[in-house]
Amino acid sequence: MRAVRLQEHGDPDVMHVEDVDRPSPDAGELLIEVAAAGVNPVDTYFREGSYEPVGLPFTPGVDYAGTVAEVGEGVDAFEVGDRVYGTGIGNGAHQGAYAEYATVPTDRTVALPDGADAVEAGAAGVAAVTAWRALVDHAALDPAEYALVHGGSGGVGHAAVQIADAVSARVLTTARPEYHDDVSALGADTVLDYTRHDLEGAVVSASNGGVDVVLDHRLDDYLQFDANVAAHDARVIGIGENSPDPGFTDDGAARSKDVTYQFMSMFNTPDLRVPLRGVAHLMATDELSIELAETYNLDEAAAAHRDVLAESYLGKLVVTP
């Protein structure tokens with residue numbers, strides 16, 4: 001089979017397509033013929049070596065969707081020919097999904113309903129599971145609550161907008177002006193330009209005095225902002241930052257309203273199959289679509305890794321072997 005491989009950590013050019021033996025599934029695993037593999041910033045961290053341990057040689061790709069080609073010993077929940085998708089591979093224990101075939105453990109793989117598109121599902125994992133965990137599991141977002149999603153055109157952001165809309169929350173988000181119509185079509189009630197000077201006041205006004213839930217992917221930029229726009233008893237879910245030292249300039253804004261902060265990583269999910277099944281249901285019922293900004297073949301993996309860290313695009317990038 002053909003697979004993207006790297007023999008050393010480094011920049012995107014260390015990745016090359018090689019002809020390698022097709023793997024066989026161990027007990028509790030599936031061999032899938034890969035239909036699509038999402039491209040995520042975390043894939044670049046494994047490639048450059050900032051996330052350890054990762055053995056070499058190595059194939060990147062955390063997310064996957066495809067068709068079961070072989071089942072390992074002890075697997076009775078799946079059969080050859082089943083459509084599946086999942087996330088959480090490519091960390092050294094399992095080679096990633098930038099390949100024609102990949103072995104995947106069944107504890108992070110679920111059936112893909114007929115109504116769900118396999119390529120979209122291949123790009124869904126990290127983004128949609130993170131959004132689900134943040135809004136459903138950690139924030140316990142209720143219908144009619146106001147939810148602010150920072151960066152509604154991004155991978156996690158555009159999934160979060162749709163998940164919040166699916167539970168009948170009132171969704172506010174920020175995005176570049178060129179994406180406002182697209183994000184509105186995904187379910188956002190209010191879309192604001194994140195560069196506007198009066199953004200804080202605009203959020204408070206649009207949420208009738210303050211938001212109940214915030215999903216924040218840039219805590220170093222918005223930690224204080226989140227406290228300022230929060231309603232009483234609001235929940236702020238932090239999923240990332242550009243700088244590792246976010247801080248308040250006035251934590252009284254949070255304390256005075258009993259704001260709860262939860263910082264999370266998708267990789268701490270106790271059972272990835274639970275949010276994966278929820279996301280699959282939303283995809284199958286057309287309540288969640290993964291917008292594909294660009295599709296790459298295996299030979300274009302280096303370009304995909306450069307583009308995933310680019311300033312802005314709508315949705316997700318995906319590799320299709």
# chains A, B, ... in the order shown; residues from 1 in each chain; ligands from 1
>>> residues_around(residues="region 67-78 of chain A", least_positions_apart="2", cutoff="6 Å", atoms="only C-alpha atoms", output="MDAnalysis selection string")
chainID A and resid 25:33 80:83
>>> select_by_dssp(residues="region 27-224 of chain A", states="strand (DSSP E)", output="number ranges by chain")
A: 29-39, 64-71, 83-86, 101-105, 109-111, 146-149, 170-175, 190-193, 211-216
>>> closest_atom_pairs(of="region 96-157 of chain A", to="region 228-235 of chain A", cutoff="12 Å", atoms="only C-alpha atoms", output="CSV")
residue,atom,partner,partner_atom,distance
A:Ala134,CA,A:Arg235,CA,10.0
A:Leu135,CA,A:Arg235,CA,9.6
A:Val136,CA,A:Arg235,CA,11.7
A:Asp137,CA,A:Arg235,CA,11.8
A:His138,CA,A:Arg235,CA,8.5
A:Ala139,CA,A:Arg235,CA,6.0
A:Ala140,CA,A:Arg235,CA,9.0
A:Leu141,CA,A:Arg235,CA,9.1
A:Asp142,CA,A:Arg235,CA,11.7
A:Glu145,CA,A:Ala234,CA,10.0
A:Tyr146,CA,A:Ala231,CA,9.2
A:Ala147,CA,A:Arg235,CA,9.5
A:Leu148,CA,A:Val229,CA,9.4
>>> closest_atom_pairs(of="region 137-162 of chain A", to="region 285-306 of chain A", cutoff="10 Å", atoms="only C-alpha atoms", output="Markdown table")
| residue | atom | partner | partner_atom | distance |
| --- | --- | --- | --- | --- |
| A:Ser153 | CA | A:Glu291 | CA | 9.3 |
| A:Gly154 | CA | A:Glu291 | CA | 9.6 |
| A:Gly155 | CA | A:Ile290 | CA | 8.2 |
| A:Val156 | CA | A:Ile290 | CA | 9.9 |
| A:His158 | CA | A:Ile290 | CA | 7.9 |
| A:Ala159 | CA | A:Ile290 | CA | 7.0 |
| A:Ala160 | CA | A:Leu288 | CA | 9.3 |
| A:Val161 | CA | A:Leu288 | CA | 9.2 |
| A:Gln162 | CA | A:Leu288 | CA | 5.8 |
>>> closest_residue(among="A:Pro113, A:Gly38, A:Gly278, A:Gly315", to="Gly152 (chain A)", atoms="only C-alpha atoms")
A:Gly315
>>> select_by_dssp(residues="region 74-273 of chain A", states="helix (DSSP H, G or I)", output="ChimeraX atom specification")
/A:106-108,118-138,155-166,177-185,199-206,219-229,252-255,266-268,273
>>> closest_atom_pairs(of="region 165-189 of chain A", to="region 194-217 of chain A", cutoff="7 Å", atoms="only C-alpha atoms", output="Markdown table")
| residue | atom | partner | partner_atom | distance |
| --- | --- | --- | --- | --- |
| A:Thr174 | CA | A:Tyr194 | CA | 5.2 |
| A:Ala175 | CA | A:Tyr194 | CA | 5.9 |
| A:Arg176 | CA | A:Tyr194 | CA | 6.9 |
>>> write_last_selection(atoms="C-alpha atoms", output="short mmCIF file (atom, residue, chain, number, x, y, z; two decimals), in the first residue's frame")
data_model
loop_
_atom_site.label_atom_id
_atom_site.label_comp_id
_atom_site.auth_asym_id
_atom_site.auth_seq_id
_atom_site.Cartn_x
_atom_site.Cartn_y
_atom_site.Cartn_z
CA THR A 174 -17.08 35.58 15.66
CA ALA A 175 -15.60 35.30 12.18
CA ARG A 176 -14.02 37.26 9.37
#
>>> residues_around(residues="Arg22 (chain A)", least_positions_apart="6", cutoff="10 Å", atoms="only C-alpha atoms", output="list in words")
Met1, Arg2, Ala3, Leu31, Ala99, Glu100, Tyr101, Ala102 and Thr103 of chain A
>>> write_last_selection(atoms="N, CA and C atoms", output="CSV table (one decimal), in the first residue's frame")
chain,number,residue,atom,x,y,z
A,1,MET,N,0.8,-1.2,0.0
A,1,MET,CA,0.0,0.0,0.0
A,1,MET,C,0.9,1.2,0.0
A,2,ARG,N,0.3,2.4,-0.3
A,2,ARG,CA,1.0,3.7,-0.2
A,2,ARG,C,0.6,4.4,1.1
A,3,ALA,N,1.6,5.0,1.7
A,3,ALA,CA,1.4,5.7,2.9
A,3,ALA,C,2.4,6.8,3.0
A,31,LEU,N,-8.7,-3.4,10.5
A,31,LEU,CA,-8.0,-2.9,9.3
A,31,LEU,C,-9.0,-2.2,8.5
A,99,ALA,N,-2.8,7.1,4.7
A,99,ALA,CA,-2.4,5.9,4.1
A,99,ALA,C,-3.6,5.3,3.4
A,100,GLU,N,-3.3,4.3,2.5
A,100,GLU,CA,-4.4,3.6,1.9
A,100,GLU,C,-5.2,2.7,2.9
A,101,TYR,N,-4.4,2.1,3.8
A,101,TYR,CA,-5.0,1.3,4.9
A,101,TYR,C,-4.4,1.7,6.2
A,102,ALA,N,-5.2,1.5,7.3
A,102,ALA,CA,-4.7,1.7,8.6
A,102,ALA,C,-5.4,0.8,9.6
A,103,THR,N,-4.6,0.4,10.6
A,103,THR,CA,-5.2,-0.4,11.7
A,103,THR,C,-5.7,0.6,12.8
>>> atom_distance(atom1="CA of Leu223 (chain A)", atom2="CA of Asp251 (chain A)")
9.5 Å
>>> atom_distance(atom1="CA of Thr59 (chain A)", atom2="CA of Arg5 (chain A)")
4.7 Å
>>> residues_around(residues="Pro41 (chain A)", least_positions_apart="6", cutoff="12 Å", atoms="only C-alpha atoms", output="list in words")
Arg47, Glu48, Ser50, Tyr51, Pro60, Gly61, Val62, Asp63, Val126, Ala127, Gly154, Gly155, Val156, Gly240, Ala304, His305, Arg306, Asp307, Val308, Leu309, Ala310, Lys316 and Leu317 of chain A
>>> write_last_selection(atoms="C-alpha atoms", output="PDB file, in the first residue's frame")
ATOM      1  CA  ARG A  47       5.338  15.350  12.796  1.00  0.00           C
ATOM      2  CA  GLU A  48       7.689  17.967  14.228  1.00  0.00           C
ATOM      3  CA  SER A  50       6.812  18.353  19.971  1.00  0.00           C
ATOM      4  CA  TYR A  51       4.347  15.642  21.014  1.00  0.00           C
ATOM      5  CA  PRO A  60       0.635  10.971  10.591  1.00  0.00           C
ATOM      6  CA  GLY A  61      -3.133  11.298  10.773  1.00  0.00           C
ATOM      7  CA  VAL A  62      -5.280  11.333  13.941  1.00  0.00           C
ATOM      8  CA  ASP A  63      -8.724  11.231  12.249  1.00  0.00           C
ATOM      9  CA  VAL A 126     -10.857  16.004  16.509  1.00  0.00           C
ATOM     10  CA  ALA A 127     -12.951  19.047  15.604  1.00  0.00           C
ATOM     11  CA  GLY A 154     -12.637  27.216  12.105  1.00  0.00           C
ATOM     12  CA  GLY A 155     -12.605  23.446  12.376  1.00  0.00           C
ATOM     13  CA  VAL A 156     -13.848  23.203  15.961  1.00  0.00           C
ATOM     14  CA  GLY A 240      -6.477  26.042  23.478  1.00  0.00           C
ATOM     15  CA  ALA A 304      -1.810  20.174   3.764  1.00  0.00           C
ATOM     16  CA  HIS A 305       0.413  20.546   6.831  1.00  0.00           C
ATOM     17  CA  ARG A 306       1.433  24.023   5.743  1.00  0.00           C
ATOM     18  CA  ASP A 307      -2.127  25.063   4.994  1.00  0.00           C
ATOM     19  CA  VAL A 308      -3.618  23.779   8.259  1.00  0.00           C
ATOM     20  CA  LEU A 309      -1.596  26.395  10.125  1.00  0.00           C
ATOM     21  CA  ALA A 310      -2.608  29.174   7.738  1.00  0.00           C
ATOM     22  CA  LYS A 316     -11.534  21.506   7.681  1.00  0.00           C
ATOM     23  CA  LEU A 317      -8.797  20.139   5.429  1.00  0.00           C
TER      24      LEU A 317
END
>>> closest_residue(among="A:Val259, A:Met283, A:Ala164, A:Val110", to="Val236 (chain A)", atoms="only C-alpha atoms")
A:Val259
>>> atom_distance(atom1="CA of Arg133 (chain A)", atom2="CA of Tyr179 (chain A)")
24.7 Å
